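Enquirer: Questions regarding the structure given below will be posed in turn.
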Number of protein chains: 12
Amino acid sequence: MASILVLNGPNLNLLGTRQPEVYGTTTLADIDAACRAHGQTIGVDVTCVQTNFEGGLVEAIHAAKGTHAGLVINAGAYTHTSIAIMDAVASVELPAVEVHLSNIHAREDFRHTSYLARVCVGQIAGFGMHSYILGMDALKAHLA
Amino acid sequence: MASILVLNGPNLNLLGTRQPEVYGTTTLADIDAACRAHGQTIGVDVTCVQTNFEGGLVEAIHAAKGTHAGLVINAGAYTHTSIAIMDAVASVELPAVEVHLSNIHAREDFRHTSYLARVCVGQIAGFGMHSYILGMDALKAHLA
Amino acid sequence: MASILVLNGPNLNLLGTRQPEVYGTTTLADIDAACRAHGQTIGVDVTCVQTNFEGGLVEAIHAAKGTHAGLVINAGAYTHTSIAIMDAVASVELPAVEVHLSNIHAREDFRHTSYLARVCVGQIAGFGMHSYILGMDALKAHLA
Amino acid sequence: MASILVLNGPNLNLLGTRQPEVYGTTTLADIDAACRAHGQTIGVDVTCVQTNFEGGLVEAIHAAKGTHAGLVINAGAYTHTSIAIMDAVASVELPAVEVHLSNIHAREDFRHTSYLARVCVGQIAGFGMHSYILGMDALKAHLA
Amino acid sequence: MASILVLNGPNLNLLGTRQPEVYGTTTLADIDAACRAHGQTIGVDVTCVQTNFEGGLVEAIHAAKGTHAGLVINAGAYTHTSIAIMDAVASVELPAVEVHLSNIHAREDFRHTSYLARVCVGQIAGFGMHSYILGMDALKAHLA
Amino acid sequence: MASILVLNGPNLNLLGTRQPEVYGTTTLADIDAACRAHGQTIGVDVTCVQTNFEGGLVEAIHAAKGTHAGLVINAGAYTHTSIAIMDAVASVELPAVEVHLSNIHAREDFRHTSYLARVCVGQIAGFGMHSYILGMDALKAHLA
Amino acid sequence: MASILVLNGPNLNLLGTRQPEVYGTTTLADIDAACRAHGQTIGVDVTCVQTNFEGGLVEAIHAAKGTHAGLVINAGAYTHTSIAIMDAVASVELPAVEVHLSNIHAREDFRHTSYLARVCVGQIAGFGMHSYILGMDALKAHLA
Amino acid sequence: MASILVLNGPNLNLLGTRQPEVYGTTTLADIDAACRAHGQTIGVDVTCVQTNFEGGLVEAIHAAKGTHAGLVINAGAYTHTSIAIMDAVASVELPAVEVHLSNIHAREDFRHTSYLARVCVGQIAGFGMHSYILGMDALKAHLA
Amino acid sequence: MASILVLNGPNLNLLGTRQPEVYGTTTLADIDAACRAHGQTIGVDVTCVQTNFEGGLVEAIHAAKGTHAGLVINAGAYTHTSIAIMDAVASVELPAVEVHLSNIHAREDFRHTSYLARVCVGQIAGFGMHSYILGMDALKAHLA
Amino acid sequence: MASILVLNGPNLNLLGTRQPEVYGTTTLADIDAACRAHGQTIGVDVTCVQTNFEGGLVEAIHAAKGTHAGLVINAGAYTHTSIAIMDAVASVELPAVEVHLSNIHAREDFRHTSYLARVCVGQIAGFGMHSYILGMDALKAHLA
Amino acid sequence: MASILVLNGPNLNLLGTRQPEVYGTTTLADIDAACRAHGQTIGVDVTCVQTNFEGGLVEAIHAAKGTHAGLVINAGAYTHTSIAIMDAVASVELPAVEVHLSNIHAREDFRHTSYLARVCVGQIAGFGMHSYILGMDALKAHLA
Amino acid sequence: MASILVLNGPNLNLLGTRQPEVYGTTTLADIDAACRAHGQTIGVDVTCVQTNFEGGLVEAIHAAKGTHAGLVINAGAYTHTSIAIMDAVASVELPAVEVHLSNIHAREDFRHTSYLARVCVGQIAGFGMHSYILGMDALKAHLA
């Protein structure tokens, strides 16, 4: 059974308490549980990691190599500013799907750009927790 | 049973014959069939429309009002240049999911921007034909 | 009696149903009727045309040559993106007045620019249906 | 009977002597007279003020509060550079109509932008002295 | 005998009546006749199509596939704004030569850029009707 | 006892009546009184001046030389557009503290830049009337 | 008694040894002591934290929720580049005052912008160690 | 004997006291005296005016019409920001020579641009008080 | 018999050895020979000059005056950076046709702009050696 | 014997496994060994540190003060985005040489800029592992 | 008696034949003669040099060192594009006055910028041949 | 024994006399001698060429083909503006190392960009004369 890493970036640990009009009331624990449950449905093993550090995301991506078959990544605010995370995904040569809770393209201009997107299979944004479920489906189809 | 409109824009009628290294060999008929089949699976009625005209997309969106509960739109090249299509979606006040076969954020700079995104629930890009299937799932979840 | 063409562009057929907080509840039929009534008051013959197609606007402008003495144009979203419509007005060498329901200069940045304005006598924006009436007055004065 | 202020900015006192190929031969006195005459026609009391000072425009706008029901403003060159005049109109919370003799959108690029427009009901540009008359009509309709 | 499509975009149907100081007095019928005559000289079969619609150009390009060996395209104003037409040419994988009556690089800045050029063999601009004749020669040489 | 000049620019005379959701209900007289009272507390003599004219601010700054030991300046909208006021402060070589009622860095983009800041000791923005009190404290500490 | 967090970002631990012509000779320990002393004067409990990590600032802000009533933040170089820290402040919904030792608006252009400012009550820059004291006063007044 | 107006803008009244490392120790009175003396040498009547107000410069330029044969203008900081002063010079249709004490093209970027230059005969910058003398010579030669 | 100058700029002497995937294997001698042969066919006398110096191109253009009836110019890399060559062509007032071996509009962004184009009859790019032949035809037609 | 710190940033720990067509097959251990060996040759003591954290680089630079005589830094992706690392090098006032494996100026545009370069002695890029050796030589010569 | 070099750049040898509506009918020989004559009047020895080569200007500037006391330079089109000429003037550390026949600030945008200005005493533009005479006067005064 | 060309561009012949605070007191003859001496040490034959002409650099690069195995180039100011020199290096297909005396990335913004870098193996900047020695080492290692 394929194993995938669901990786979350800065501030996502506060989910559910943070600006609910933008991000909703779902917590990160809810998302992790939903991902694991959906993993059982579609037959993939799911590991969930969250870190607020850019370097932490880089190292979690490195660690995925040899352990996981692919990545579902919500890099949060680092999506728009981090070349290091983009390079990390390119380095490990694992397929990655970029996900976002909100539709970043409908928010402030500085959230419209994504370094990460340049090295990902695709991007899913705007569907709240469901973005992760769709991202897992997309990754699984890509791995097949 | 909810009815949704899957709307395709310019050049998508040539799919399968067009730059297969970017878009793959799937034809538009394949996509339409897959969408209709997936519609039966998830319990939504699917109508597929394609037009190469910006005004044609505007009118198809208008026509959706009162007929369909939501839209899955691949506006193709008009995604990046058409304010009229964005206004059309805003006018009909139907939930819309933007989909793209390729990961537009990993291609030329002029494909990174989307007027359409400003009025959509979310965006799914990069998963080939599967982007439509994911878009239907996302729309259905949104309608629920 | 001079004849003028009142030309409407994309999405204006939905008027009254579309984002009423921006555009009000007046329908396009209301505008057409008001223009025709005002035409009788000021002694000009009024023809009203609407199309959602950029090419449709180009051809309606072409057709005006030899038939109408001038144009009142609300090109909608094409105002900001269409060089073809600008060229069409320049080609027919008819005086044209650009009108907008909303004050485009007080909205999103991409609505602040107008290719069309480069070839028009003037611009009237922000007065709802009344923009058309003022535009007709301005055109009539220009023709005199 | 409603009272309105017709406010003119820098260089408009030279009207008729200044670059007639752009602005025509009408003088500011002609415009004032026409506005007052038109005011009698449409039943509004008209006061005309001109100043070459940015601060003078700010203070004339302040003084309008409590005296006039609305403003017709041709801020001339300050249209494009003055945030202070924009703030003044916002401060007094009176409806204002922006007018221009020439079609500013068909001239040099630096005349295409208007800070003032962000706080006005609408904009009328390009009809010479008639822009003021149209502006008065538009303001009266807005006040009604 | 090779067959080529000479494709004309918006406003070119008005040629000869439109701004003769820029475009000359030649009509589109003159150009079509000249292209057909030159076709006989150089041994290629010539079909001439004109449309004012962006989508019309897209579909004419699609239709060329399997019928014509190459394209001579004057996309008019759409040259500068249409990604859809660029994608259409890329889709059909036919050699295309971009032509313009006027020297677009010596006119307004917004006419200096061409999306279409990215997928064409080459560009010929500034020689009036003769641009088409040169374009046919260039295409024929390319096909050889 | 050191003497300082508290200088206010355009529209600040309307304070308390102007957009209270942005600027609060405090009047300029309230601010002047508070500054004078706080001056007594911290042992500085306070003079308050307001003008709506850019040239008026320039001249008030000139006049401060030889009379006052330093400046607390809220240049209002001129903050963002006036090189002349910046030059005036540089000319008199008096320490100046820039203050703003609202947090200009959290408002429209054109309010994020300050020519004045280039020649001031520091900037305090966002604390309503209290910005002046903090500015006086900062200036006093700087003078010590 | 209200508790506030004084949070310092990258390189501020080197204060006093670092470019004294820009930042002065005060050490971070001096600042912490001064803040604590001033806290006693104005009746607020002060905690001082410093970290060189962007993620460390994010987590310190998270930790403040439920513990502190507000924040005084000098995010150092991250002020200009970190969307993650901005999002963290928005997430915890605590009032924050942005402080800087130097007048960032009078230095290199890339130090003129602040993501953080978008979510703070206000900004105080340029007064050396005294910026913190003023920031505490401002925060206390805001909390009152 | 021809009469010319030497017009000085904001902060020039402080000359000699202001940043002598940039502007030298010459006072405005010195410049006026030198211009008048040089006027006697070259046979032109010289009037010197200084104002710190943008509107003041506009009105001084207006007043020159019919009185003076030409203008030598140092608009100071308004050089870079004032469209109104440019329009004033264009309105009076008098030849104008733009002068600057310092070489504005060798200073901050925002001093490199001049609206005024668009309507002047020429520009002389960088020679201190001597720029005025050269400007008078240039104007006299132009008038001849 | 009319005489024309075929002028080649930097690096074109290396043609055939230089990046053949971009420029092909034709040498400059081949081009010169083809131009002279084609000149005999169409009845124009052809002189070929190549220089790697910007000043060399300027002087060759100067020398053409009085000797040649027109110019076919491939200014190579100087096309994009040289105002001096543009001025030279404007100075001699000879008709000039700009040619390029490759389609410069389909290459790096800095090759999309041409100062030279502003003063040329037209531009032909992308047809290898054949660009010169077409350029000669275009020039001859222009001279007729 | 002088001691220097060789500091490596994000993703460099994956060297040899990461995009070998860009970075080659050398591992970070190989680089460390080569640097230490070269240190013995040129008589400097070498310490090698790698971290994936921006804050980690900041702290490693801080720690170098008092321990090392200079720095050889490959800040990887942080080169282009980190003001904090630039400030850290400026703070410790140690000579630093910036090195890069690949020629960053020949890659994507966002890799052409370096904040770090503003405070370094010099930059060496493009020579793979040999960039470090050259950087050590350059630093040694600088220290001498 | 001081010696100065009057240095002319590209296309100035064609003066009098080139676009007389912009540059007048004066030839370079006329300018040289006028400069030499004026040199006798003001007591400076004048040498005149012209070259169409950027490198030629660089070398003429180098050669001036030790021979001439200062430079009057009209670098023509290289003014706007040449860093090398700017560096040459900086290298020889001779005072230089930049002159232009036309008012470059009133022409195309790309003629508004001057690298050369950054290292010159001042700039004189717009007075035809008289710009050189004024430049000589300015240089002489500077040398005194 | 491999032969390399050390190529120097504009103003480098003045080295040692030119702005010594930026470039030091070393002369070009010193650099040539040091390069030749270092060549003997590392076993490469060294030829040194300097020219102030862009075209001269182009031709020196052309001449290197077949004679030298690689290039060490300091193109001076042409680094930032010359596409022709970049094309010359690409044409000859010889490995080239770009060197600079000063750290161009720490100077004015217009010195941060290098066309030349796009076609070089690598870049070494900031180490004075030692940049050449390092460049020779780098080139030799690349050739090995």
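In the structure tokens, chains take the letters A, B, ... in the order shown, each chain's residues start at 1, and ligands count up from 1 in the order shown.
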I'm after chain A in the frame of chain I: fit it by least squares over all Cα atoms matched in order, and give me the output as a short mmCIF file (atom, residue, chain, number, x, y, z; two decimals) with C-alpha atoms, in the first residue's frame.
Expert:
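And here's part-v3.cif as it stands now:
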```
data_model
loop_
_atom_site.label_atom_id
_atom_site.label_comp_id
_atom_site.auth_asym_id
_atom_site.auth_seq_id
_atom_site.Cartn_x
_atom_site.Cartn_y
_atom_site.Cartn_z
CA MET A 1 19.39 50.62 -61.91
CA ALA A 2 18.71 51.31 -58.23
CA SER A 3 21.45 50.45 -55.78
CA ILE A 4 20.79 49.10 -52.32
CA LEU A 5 22.97 48.43 -49.34
CA VAL A 6 22.63 45.15 -47.43
CA LEU A 7 24.08 45.87 -44.01
CA ASN A 8 24.93 43.24 -41.41
CA GLY A 9 25.80 43.79 -37.75
CA PRO A 10 27.65 42.00 -34.96
CA ASN A 11 28.44 38.28 -35.05
CA LEU A 12 26.89 37.79 -38.47
CA ASN A 13 30.39 37.24 -39.89
CA LEU A 14 30.43 33.99 -37.87
CA LEU A 15 27.21 32.78 -39.47
CA GLY A 16 27.14 29.11 -40.23
CA THR A 17 29.52 28.37 -37.38
CA ARG A 18 27.29 29.99 -34.71
CA GLN A 19 24.53 28.08 -32.89
CA PRO A 20 23.27 26.34 -36.05
CA GLU A 21 20.13 25.14 -34.25
CA VAL A 22 19.08 28.82 -34.11
CA TYR A 23 20.67 30.33 -37.21
CA GLY A 24 21.26 27.41 -39.62
CA THR A 25 24.44 26.55 -41.54
CA THR A 26 24.35 29.28 -44.16
CA THR A 27 27.43 31.56 -44.08
CA LEU A 28 27.51 35.30 -44.55
CA ALA A 29 29.24 34.75 -47.88
CA ASP A 30 26.28 32.60 -48.92
CA ILE A 31 23.91 35.40 -47.98
CA ASP A 32 25.92 38.03 -49.81
CA ALA A 33 26.03 35.84 -52.92
CA ALA A 34 22.31 35.14 -52.73
CA CYS A 35 21.54 38.85 -52.32
CA ARG A 36 23.68 39.78 -55.27
CA ALA A 37 22.14 37.04 -57.39
CA HIS A 38 18.65 38.09 -56.40
CA GLY A 39 19.60 41.69 -57.13
CA GLN A 40 20.34 40.71 -60.70
CA THR A 41 16.96 38.97 -60.91
CA ILE A 42 15.00 41.97 -59.71
CA GLY A 43 17.23 44.61 -61.26
CA VAL A 44 18.91 46.26 -58.32
CA ASP A 45 22.55 46.70 -57.64
CA VAL A 46 23.59 45.18 -54.30
CA THR A 47 26.42 46.14 -51.98
CA CYS A 48 27.04 44.01 -48.88
CA VAL A 49 28.75 45.34 -45.74
CA GLN A 50 29.29 43.74 -42.35
CA THR A 51 30.70 45.23 -39.17
CA ASN A 52 30.78 44.23 -35.54
CA PHE A 53 30.86 47.84 -34.32
CA GLU A 54 27.82 49.93 -33.43
CA GLY A 55 29.71 52.98 -34.66
CA GLY A 56 30.58 51.04 -37.81
CA LEU A 57 26.91 50.52 -38.54
CA VAL A 58 26.25 54.21 -37.93
CA GLU A 59 28.97 55.19 -40.41
CA ALA A 60 27.94 52.65 -43.03
CA ILE A 61 24.43 54.09 -42.89
CA HIS A 62 25.82 57.61 -43.24
CA ALA A 63 27.91 56.54 -46.21
CA ALA A 64 24.83 55.11 -47.91
CA LYS A 65 23.38 58.55 -48.38
CA GLY A 66 23.86 59.68 -51.94
CA THR A 67 25.13 56.24 -52.96
CA HIS A 68 22.25 53.89 -52.33
CA ALA A 69 18.51 54.21 -52.75
CA GLY A 70 17.66 52.15 -49.68
CA LEU A 71 18.85 49.79 -46.98
CA VAL A 72 18.25 46.19 -45.92
CA ILE A 73 19.58 46.00 -42.34
CA ASN A 74 20.18 43.13 -39.98
CA ALA A 75 21.58 45.00 -36.98
CA GLY A 76 21.88 41.80 -34.93
CA ALA A 77 22.08 42.35 -31.20
CA TYR A 78 22.29 46.13 -31.65
CA THR A 79 18.67 46.04 -32.87
CA HIS A 80 17.54 45.87 -29.26
CA THR A 81 19.94 48.31 -27.61
CA SER A 82 21.10 50.95 -30.10
CA ILE A 83 19.43 54.34 -30.28
CA ALA A 84 22.43 55.56 -32.27
CA ILE A 85 21.68 53.26 -35.22
CA MET A 86 18.04 54.28 -35.14
CA ASP A 87 19.12 57.92 -35.24
CA ALA A 88 21.50 57.19 -38.11
CA VAL A 89 18.71 55.76 -40.26
CA ALA A 90 16.49 58.71 -39.40
CA SER A 91 19.33 61.09 -40.30
CA VAL A 92 19.96 59.81 -43.79
CA GLU A 93 16.28 59.67 -44.65
CA LEU A 94 16.67 56.56 -46.78
CA PRO A 95 14.00 53.85 -46.74
CA ALA A 96 15.18 50.90 -44.66
CA VAL A 97 13.87 47.36 -44.23
CA GLU A 98 14.80 45.55 -41.01
CA VAL A 99 15.53 41.84 -41.40
CA HIS A 100 16.37 39.03 -38.98
CA LEU A 101 17.36 35.43 -39.58
CA SER A 102 15.44 34.11 -36.58
CA ASN A 103 11.97 35.11 -35.37
CA ILE A 104 13.14 37.52 -32.66
CA HIS A 105 9.61 37.70 -31.24
CA ALA A 106 9.70 33.99 -30.39
CA ARG A 107 13.02 34.16 -28.47
CA GLU A 108 14.14 35.77 -25.18
CA ASP A 109 12.13 38.82 -24.07
CA PHE A 110 15.04 41.19 -24.57
CA ARG A 111 15.01 40.34 -28.29
CA HIS A 112 11.36 41.34 -28.73
CA THR A 113 12.04 45.08 -28.80
CA SER A 114 13.60 47.02 -31.65
CA TYR A 115 14.66 50.65 -31.58
CA LEU A 116 15.47 50.33 -35.26
CA ALA A 117 11.89 49.41 -36.13
CA ARG A 118 10.71 52.88 -35.22
CA VAL A 119 12.34 54.35 -38.31
CA CYS A 120 12.04 51.49 -40.80
CA VAL A 121 9.46 50.83 -43.49
CA GLY A 122 8.90 47.36 -42.10
CA GLN A 123 10.35 44.26 -40.49
CA ILE A 124 10.88 40.71 -41.73
CA ALA A 125 12.01 38.08 -39.23
CA GLY A 126 12.29 34.33 -39.02
CA PHE A 127 13.00 33.05 -42.50
CA GLY A 128 16.75 32.50 -42.33
CA MET A 129 18.64 33.67 -45.40
CA HIS A 130 15.29 34.09 -47.16
CA SER A 131 14.53 37.08 -44.87
CA TYR A 132 17.09 39.05 -46.88
CA ILE A 133 15.55 38.08 -50.22
CA LEU A 134 12.10 39.07 -48.97
CA GLY A 135 13.56 42.28 -47.58
CA MET A 136 15.04 43.15 -50.98
CA ASP A 137 11.69 42.49 -52.65
CA ALA A 138 9.94 44.65 -50.08
CA LEU A 139 12.43 47.46 -50.49
CA LYS A 140 12.21 47.33 -54.23
CA ALA A 141 8.41 47.50 -54.11
CA HIS A 142 8.67 50.42 -51.68
CA LEU A 143 11.08 52.28 -53.97
CA ALA A 144 8.78 51.77 -56.94
#
```
Enquirer: Please extract the residues of region 10-80 of chain F with a backbone DSSP assignment of strand (DSSP E or B) and present them as a count of residues only.
Expert: 11
Enquirer: As JSON, numbers by chain, list the residues of chain H assigned to alpha helix (DSSP H) by DSSP on the backbone atoms of this structure.
Expert: {"H": [20, 21, 22, 23, 28, 29, 30, 31, 32, 33, 34, 35, 36, 37, 38, 39, 40, 41, 42, 54, 55, 56, 57, 58, 59, 60, 61, 62, 63, 64, 78, 79, 80, 81, 83, 84, 85, 86, 87, 88, 89, 90, 91, 92, 130, 131, 132, 133, 134, 135, 136, 137, 138, 139, 140, 141, 142, 143]}
